[in-house]
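A.B. asks: Quick one, target-v3.txt (compact mmCIF, C-alpha atoms):
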```
# COMPACT_ATOMS: atom_id res chain seq x y z
CA MET A 224 35.08 112.58 138.60
CA LEU A 225 38.51 111.55 137.29
CA LYS A 226 40.12 114.10 139.58
CA SER A 227 38.33 112.60 142.60
CA ILE A 228 39.47 109.08 141.70
CA ALA A 229 43.05 110.29 141.34
CA VAL A 230 42.91 111.91 144.79
CA VAL A 231 41.59 108.68 146.33
CA ILE A 232 44.34 106.58 144.67
CA LEU A 233 47.03 108.99 145.84
CA ALA A 234 45.70 108.86 149.39
CA VAL A 235 45.76 105.06 149.36
CA LEU A 236 49.33 104.99 148.10
CA ILE A 237 50.47 107.45 150.75
CA CYS A 238 48.75 105.62 153.59
CA ALA A 239 49.62 102.09 152.47
CA PRO A 240 52.13 100.30 154.75
CA ALA A 241 55.56 99.45 153.39
CA SER A 242 55.84 96.08 151.70
CA PRO A 243 57.10 93.18 153.84
CA LEU A 244 60.24 93.02 151.68
CA ALA A 245 61.05 96.67 152.35
CA GLN A 246 60.45 96.20 156.07
CA GLN A 247 62.76 93.20 156.25
CA GLN A 248 65.82 94.69 154.54
CA PRO A 249 68.69 94.33 157.05
CA ASP A 250 70.73 97.36 158.05
CA ILE A 251 74.10 95.79 157.32
CA PRO A 252 76.22 98.85 158.21
CA LYS A 253 74.56 98.93 161.64
CA ILE A 254 75.06 95.19 162.12
CA LEU A 255 78.74 95.52 161.23
CA ALA A 256 79.12 98.47 163.60
CA ASP A 257 77.45 96.47 166.40
CA ILE A 258 79.85 93.55 165.89
CA ARG A 259 82.89 95.81 166.03
CA ALA A 260 81.59 97.59 169.14
CA LYS A 261 81.31 94.24 170.96
CA ASP A 262 84.62 92.90 169.67
CA GLN A 263 86.58 92.96 172.93
CA GLY A 264 89.20 90.55 171.67
CA GLN A 265 89.89 92.53 168.48
CA LEU A 266 89.16 89.44 166.40
CA ALA A 267 87.37 91.19 163.55
CA VAL A 268 89.21 92.45 160.49
CA SER A 269 89.34 96.20 159.91
CA GLU A 270 86.59 97.88 157.91
CA GLU A 271 89.14 98.59 155.16
CA ASP A 272 90.06 94.91 154.96
CA GLY A 273 86.38 93.94 154.88
CA LYS A 274 85.68 96.28 151.99
CA PHE A 275 88.74 94.95 150.18
CA LEU A 276 87.56 91.34 150.54
CA ARG A 277 84.09 92.20 149.25
CA LEU A 278 85.52 94.02 146.24
CA LEU A 279 88.07 91.27 145.54
CA ILE A 280 85.41 88.56 145.52
CA ALA A 281 82.87 90.47 143.44
CA SER A 282 85.39 91.71 140.88
CA THR A 283 87.00 88.29 140.35
CA LYS A 284 83.67 86.40 140.33
CA ARG A 285 84.46 83.96 143.14
CA ARG A 286 81.73 81.39 143.84
CA HIS A 287 83.06 78.68 146.20
CA ALA A 288 84.58 80.26 149.29
CA LEU A 289 85.91 78.98 152.61
CA GLU A 290 86.65 81.08 155.68
CA ILE A 291 88.75 79.55 158.44
CA GLY A 292 88.21 81.44 161.68
CA GLY A 293 84.84 83.17 161.45
CA ALA A 294 84.87 84.80 164.92
CA SER A 295 81.58 86.72 165.31
CA GLY A 296 80.89 87.10 161.60
CA TYR A 297 82.30 90.50 160.71
CA SER A 298 84.46 89.30 157.81
CA ALA A 299 81.87 86.67 156.78
CA ILE A 300 79.31 89.43 156.25
CA TRP A 301 81.70 91.36 154.01
CA ILE A 302 82.58 88.18 152.09
CA GLY A 303 78.90 87.19 151.97
CA GLN A 304 77.99 90.49 150.34
CA GLY A 305 80.53 89.78 147.60
CA MET A 306 79.16 86.26 147.19
CA ARG A 307 75.64 87.66 146.91
CA GLU A 308 76.81 89.57 143.84
CA THR A 309 78.44 86.55 142.18
CA GLY A 310 75.77 83.99 143.10
CA GLY A 311 78.34 82.12 145.16
CA LYS A 312 78.41 80.48 148.58
CA LEU A 313 80.66 80.80 151.62
CA VAL A 314 81.36 78.18 154.27
CA THR A 315 82.73 79.75 157.45
CA ILE A 316 84.13 77.73 160.36
CA GLU A 317 84.56 78.92 163.95
CA TYR A 318 86.13 76.83 166.72
CA ASP A 319 84.84 78.68 169.82
CA PRO A 320 81.26 77.55 170.65
CA GLU A 321 80.07 80.93 171.93
CA ARG A 322 81.53 82.87 169.04
CA SER A 323 80.09 80.39 166.55
CA LYS A 324 76.62 81.09 167.98
CA GLU A 325 77.22 84.83 167.58
CA LEU A 326 78.48 84.18 164.06
CA ALA A 327 75.33 82.30 163.07
CA GLU A 328 73.07 84.94 164.63
CA ASN A 329 74.88 87.81 162.91
CA ILE A 330 74.66 86.04 159.54
CA ARG A 331 70.91 85.66 160.16
CA ARG A 332 70.57 89.34 161.09
CA ALA A 333 72.39 90.32 157.90
CA GLY A 334 70.00 88.27 155.76
CA LEU A 335 72.78 86.06 154.42
CA THR A 336 71.72 82.58 155.56
CA ASP A 337 71.11 81.56 151.95
CA VAL A 338 74.67 82.57 151.04
CA VAL A 339 76.72 81.72 154.14
CA GLN A 340 76.89 78.32 155.85
CA VAL A 341 78.19 78.40 159.42
CA ILE A 342 80.03 75.40 160.85
CA ALA A 343 80.97 75.22 164.53
CA GLY A 344 83.99 73.11 165.35
CA ASP A 345 87.64 72.35 164.72
CA ALA A 346 88.47 73.40 161.17
CA PHE A 347 91.10 70.66 160.84
CA LYS A 348 88.32 68.12 161.37
CA GLU A 349 85.53 69.96 159.56
CA ILE A 350 87.26 70.93 156.30
CA PRO A 351 87.71 67.31 155.12
CA LYS A 352 83.93 66.86 155.52
CA ILE A 353 83.12 69.70 153.11
CA ALA A 354 82.40 68.52 149.58
CA GLY A 355 83.98 70.04 146.50
CA THR A 356 86.80 72.49 145.88
CA PHE A 357 87.36 76.17 146.60
CA ASP A 358 88.13 79.16 144.41
CA PHE A 359 88.58 81.50 147.39
CA VAL A 360 89.91 80.94 150.91
CA PHE A 361 90.23 83.48 153.71
CA LEU A 362 92.36 82.34 156.64
CA ASP A 363 92.13 84.22 159.94
CA ALA A 364 92.63 81.57 162.62
CA TRP A 365 95.44 80.75 165.09
CA LYS A 366 98.48 82.26 163.40
CA ARG A 367 100.89 79.43 164.19
CA ASP A 368 98.54 77.03 162.40
CA TYR A 369 98.55 78.93 159.10
CA LYS A 370 101.04 76.58 157.40
CA ARG A 371 99.04 73.53 158.52
CA PHE A 372 95.85 75.01 157.09
CA LEU A 373 97.61 75.84 153.81
CA ASP A 374 98.83 72.25 153.52
CA LEU A 375 95.34 70.93 154.26
CA VAL A 376 93.48 73.16 151.81
CA PHE A 377 95.99 73.48 148.95
CA PRO A 378 94.97 70.21 147.22
CA ARG A 379 91.37 71.44 147.28
CA LEU A 380 92.10 74.73 145.50
CA ASP A 381 90.84 75.16 141.94
CA LYS A 382 93.22 76.34 139.24
CA GLY A 383 93.04 80.13 139.46
CA ALA A 384 91.92 80.05 143.10
CA LEU A 385 92.91 82.75 145.58
CA PHE A 386 94.20 81.73 149.00
CA THR A 387 94.20 84.79 151.26
CA ALA A 388 95.39 85.16 154.85
CA HIS A 389 95.00 87.92 157.42
CA ASN A 390 97.49 89.60 159.81
CA VAL A 391 100.49 88.76 157.64
CA VAL A 392 102.06 92.17 158.38
CA ASN A 393 101.29 92.93 162.03
CA LYS A 394 101.72 89.28 163.17
CA ARG A 395 104.25 88.05 160.61
CA THR A 396 106.64 86.81 163.32
CA GLU A 397 104.03 84.21 164.32
CA MET A 398 103.78 82.63 160.85
CA GLY A 399 107.24 82.55 159.33
CA ASP A 400 106.82 79.03 157.95
CA PHE A 401 103.55 80.01 156.24
CA LEU A 402 104.99 83.16 154.66
CA ASP A 403 107.99 81.21 153.43
CA ALA A 404 105.71 78.54 151.94
CA ILE A 405 103.47 80.91 149.97
CA GLN A 406 106.41 82.93 148.65
CA ARG A 407 108.51 79.94 147.59
CA ASN A 408 105.84 77.62 146.19
CA PRO A 409 106.30 77.61 142.38
CA ALA A 410 102.59 76.90 141.91
CA LEU A 411 101.64 80.22 143.57
CA TRP A 412 101.91 83.88 142.69
CA THR A 413 101.85 85.79 145.98
CA ALA A 414 101.54 89.44 146.91
CA ILE A 415 100.95 91.14 150.25
CA VAL A 416 98.70 94.17 150.52
CA SER A 417 97.78 96.36 153.47
CA PRO A 418 94.36 97.99 153.16
CA SER A 419 94.92 98.56 156.90
CA GLY A 420 98.06 97.96 158.94
CA GLU A 421 97.23 94.27 159.47
CA GLY A 422 98.08 92.96 156.01
CA ILE A 423 96.51 90.35 153.72
CA SER A 424 98.46 87.87 151.62
CA LEU A 425 97.03 86.98 148.21
CA SER A 426 98.22 83.73 146.66
CA TYR A 427 96.99 82.82 143.18
CA LYS A 428 97.14 79.14 142.26
CA LYS A 429 98.53 78.84 138.72
```
Would you give me this structure, written as structure tokens?

C.D. replies:
Amino acid sequence: MLKSIAVVILAVLICAPASPLAQQQPDIPKILADIRAKDQGQLAVSEEDGKFLRLLIASTKRRHALEIGGASGYSAIWIGQGMRETGGKLVTIEYDPERSKELAENIRRAGLTDVVQVIAGDAFKEIPKIAGTFDFVFLDAWKRDYKRFLDLVFPRLDKGALFTAHNVVNKRTEMGDFLDAIQRNPALWTAIVSPSGEGISLSYKK
């Protein structure tokens, strides 16, 4: 009798459909691959840079992040994964209306809408509307505006915050004033790393 019951239970477990939670788990590697495949303008960061950002955020326990220049969401998904680990939140801003729609949809597909807030519009106008301060900033917008964005955001950085910027190696000639500012500011410790050939500056606010 007990053997028969055990066989019935086993059959039920085998035939039972997967739980809704299991069915809804997003395939983030596939989503990231899809974004890169459609990235005709080469706006997304490299996979190496994305992994670096995720690791940097998780390992340093960042919780209040801002991304300036979200494009279609590739870097926001990497950052969002790090924020998921720390219990933090990311606000990402994208100027182009079509890309901002793609950004919001890709964040939804990745299951990160509770972690990542998408704002469509001009970051110079939108950042002053955001409440609070930041302990992490990732800048990947129009390169000649980098210094202006640094000046805008710097007063909003927490002590110990990290201000990071992309393309500081392969496009350094387009942002000389920014690179000079982060390397000469006595309130910042700055280093430049190259997980890929594009380069990321890391500036720690003392």

A.B. asks: Expressed in Å to a single decimal, how great is the separation between CA of Leu385 in chain A and CA of Gly399 in chain A?

C.D. replies: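 If I compute the distance from CA of Leu385 in chain A to CA of Gly399 in chain A, I get 19.9 Å.
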
A.B. asks: If we count all atoms listed in the file, what is near Asp400 in chain A at a cut-off of 9 Å, once residues fewer than 5 positions away on the same chain are taken out, given as a ChimeraX atom specification?

C.D. replies: /A:367,369-370,405

A.B. asks: Within 7 Å of Ile291 in chain A, counting only C-alpha atoms, which residues qualify if same-chain residues fewer than 6 places away don't, as a list in words?

C.D. replies: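 In the requested format, the answer is Thr315, Ile316, Glu317, Ala346, Phe361, Leu362, Asp363 and Ala364 of chain A.
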
A.B. asks: Report, in Å to a single decimal, how far apart CA of Ala410 in chain A and CA of Lys429 in chain A are.

C.D. replies: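 Computing it gives 5.5 Å between the two atoms.
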
A.B. asks: Mind pulling up the distance from CA of Glu290 in chain A to CA of Val360 in chain A?

C.D. replies: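 According to the coordinates, CA of Val360 in chain A and CA of Glu290 in chain A are separated by 5.8 Å.
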
A.B. asks: Can you pull out the residues contacting Lys348 in chain A? Cut-off 12 Å, using only C-alpha atoms, and skip same-chain residues under 3 positions away; I want them as a PyMOL selection string.

C.D. replies: chain A and resi 291+316-318+342-345+351-353+372+375-376

A.B. asks: So, counting all atoms listed in the file, which residue among A:Thr396, A:Thr309, A:Thr387, A:Asn329 is closest to Ala414 in chain A?

C.D. replies: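 The answer is A:Thr387, which sits nearest to Ala414 in chain A.
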
A.B. asks: So, counting all atoms listed in the file, which residue among A:Gly303, A:Gly292, A:Asp381, A:Ile254 is closest to Phe347 in chain A?

C.D. replies: A:Gly292

A.B. asks: Compile the contact shell of Ala299 in chain A as a list in words: residues with an atom at most 9 Å away, counting all atoms listed in the file, same-chain residues fewer than 5 positions apart removed.

C.D. replies: Gly273, Glu290, Gly293, Ala294, Gln304, Leu313, Val314, Thr315, Leu326, Ile330 and Val339 of chain A

A.B. asks: With only C-alpha atoms as the basis for distance, which of A:Lys366, A:Ala267, A:Leu278, A:Gln340 is at the shortest distance from Leu402 in chain A?

C.D. replies: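 Result for the nearest residue to Leu402 in chain A: A:Lys366.
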
A.B. asks: Just checking: using only C-alpha atoms, which residue out of A:Phe386, A:Arg332, A:Thr413, A:Asp272 ends up closest to Lys253 in chain A?

C.D. replies: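 Selected residue with least distance to Lys253 in chain A: A:Arg332.
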
A.B. asks: For Arg395 in chain A, which residue out of A:Asp374, A:Asp337, A:Glu421, A:Asp358 is the nearest one, using all atoms listed in the file?

C.D. replies: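 The shortest atom-to-atom distance to Arg395 in chain A comes from A:Glu421.
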
A.B. asks: Here is a test: counting only C-alpha atoms, which residue of A:Asn390, A:Arg379, A:Leu373, A:Thr336 is nearest to Ala404 in chain A?

C.D. replies: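 Using only C-alpha atoms, the shortest distance to Ala404 in chain A belongs to A:Leu373.
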
A.B. asks: What are the centre and edge lengths in Å, to one decimal, of the axis-aligned box around all listed atoms of range 388-401 of chain A with 8 Å added on each side, as lines of an AutoDock Vina configuration file?

C.D. replies:
```
center_x = 101.1
center_y = 86.0
center_z = 159.6
size_x = 28.2
size_y = 29.9
size_z = 25.5
```

A.B. asks: So that I can check the surroundings of Gly420 in chain A, please list as a PDB file with C-alpha atoms, keeping the file's coordinate frame every protein, DNA and RNA residue that reaches within 12 Å of it, counting only C-alpha atoms and ignoring chain neighbours fewer than 2 positions away.

C.D. replies:
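Resulting contents of selection-v2.pdb:
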```
ATOM      1  CA  VAL A 268      89.210  92.450 160.490  1.00  0.00           C
ATOM      2  CA  SER A 269      89.340  96.200 159.910  1.00  0.00           C
ATOM      3  CA  GLU A 270      86.590  97.880 157.910  1.00  0.00           C
ATOM      4  CA  GLU A 271      89.140  98.590 155.160  1.00  0.00           C
ATOM      5  CA  ASP A 272      90.060  94.910 154.960  1.00  0.00           C
ATOM      6  CA  HIS A 389      95.000  87.920 157.420  1.00  0.00           C
ATOM      7  CA  ASN A 390      97.490  89.600 159.810  1.00  0.00           C
ATOM      8  CA  VAL A 391     100.490  88.760 157.640  1.00  0.00           C
ATOM      9  CA  VAL A 392     102.060  92.170 158.380  1.00  0.00           C
ATOM     10  CA  ASN A 393     101.290  92.930 162.030  1.00  0.00           C
ATOM     11  CA  LYS A 394     101.720  89.280 163.170  1.00  0.00           C
ATOM     12  CA  ARG A 395     104.250  88.050 160.610  1.00  0.00           C
ATOM     13  CA  ILE A 415     100.950  91.140 150.250  1.00  0.00           C
ATOM     14  CA  VAL A 416      98.700  94.170 150.520  1.00  0.00           C
ATOM     15  CA  SER A 417      97.780  96.360 153.470  1.00  0.00           C
ATOM     16  CA  PRO A 418      94.360  97.990 153.160  1.00  0.00           C
ATOM     17  CA  GLY A 422      98.080  92.960 156.010  1.00  0.00           C
ATOM     18  CA  ILE A 423      96.510  90.350 153.720  1.00  0.00           C
TER      19      ILE A 423
END
```
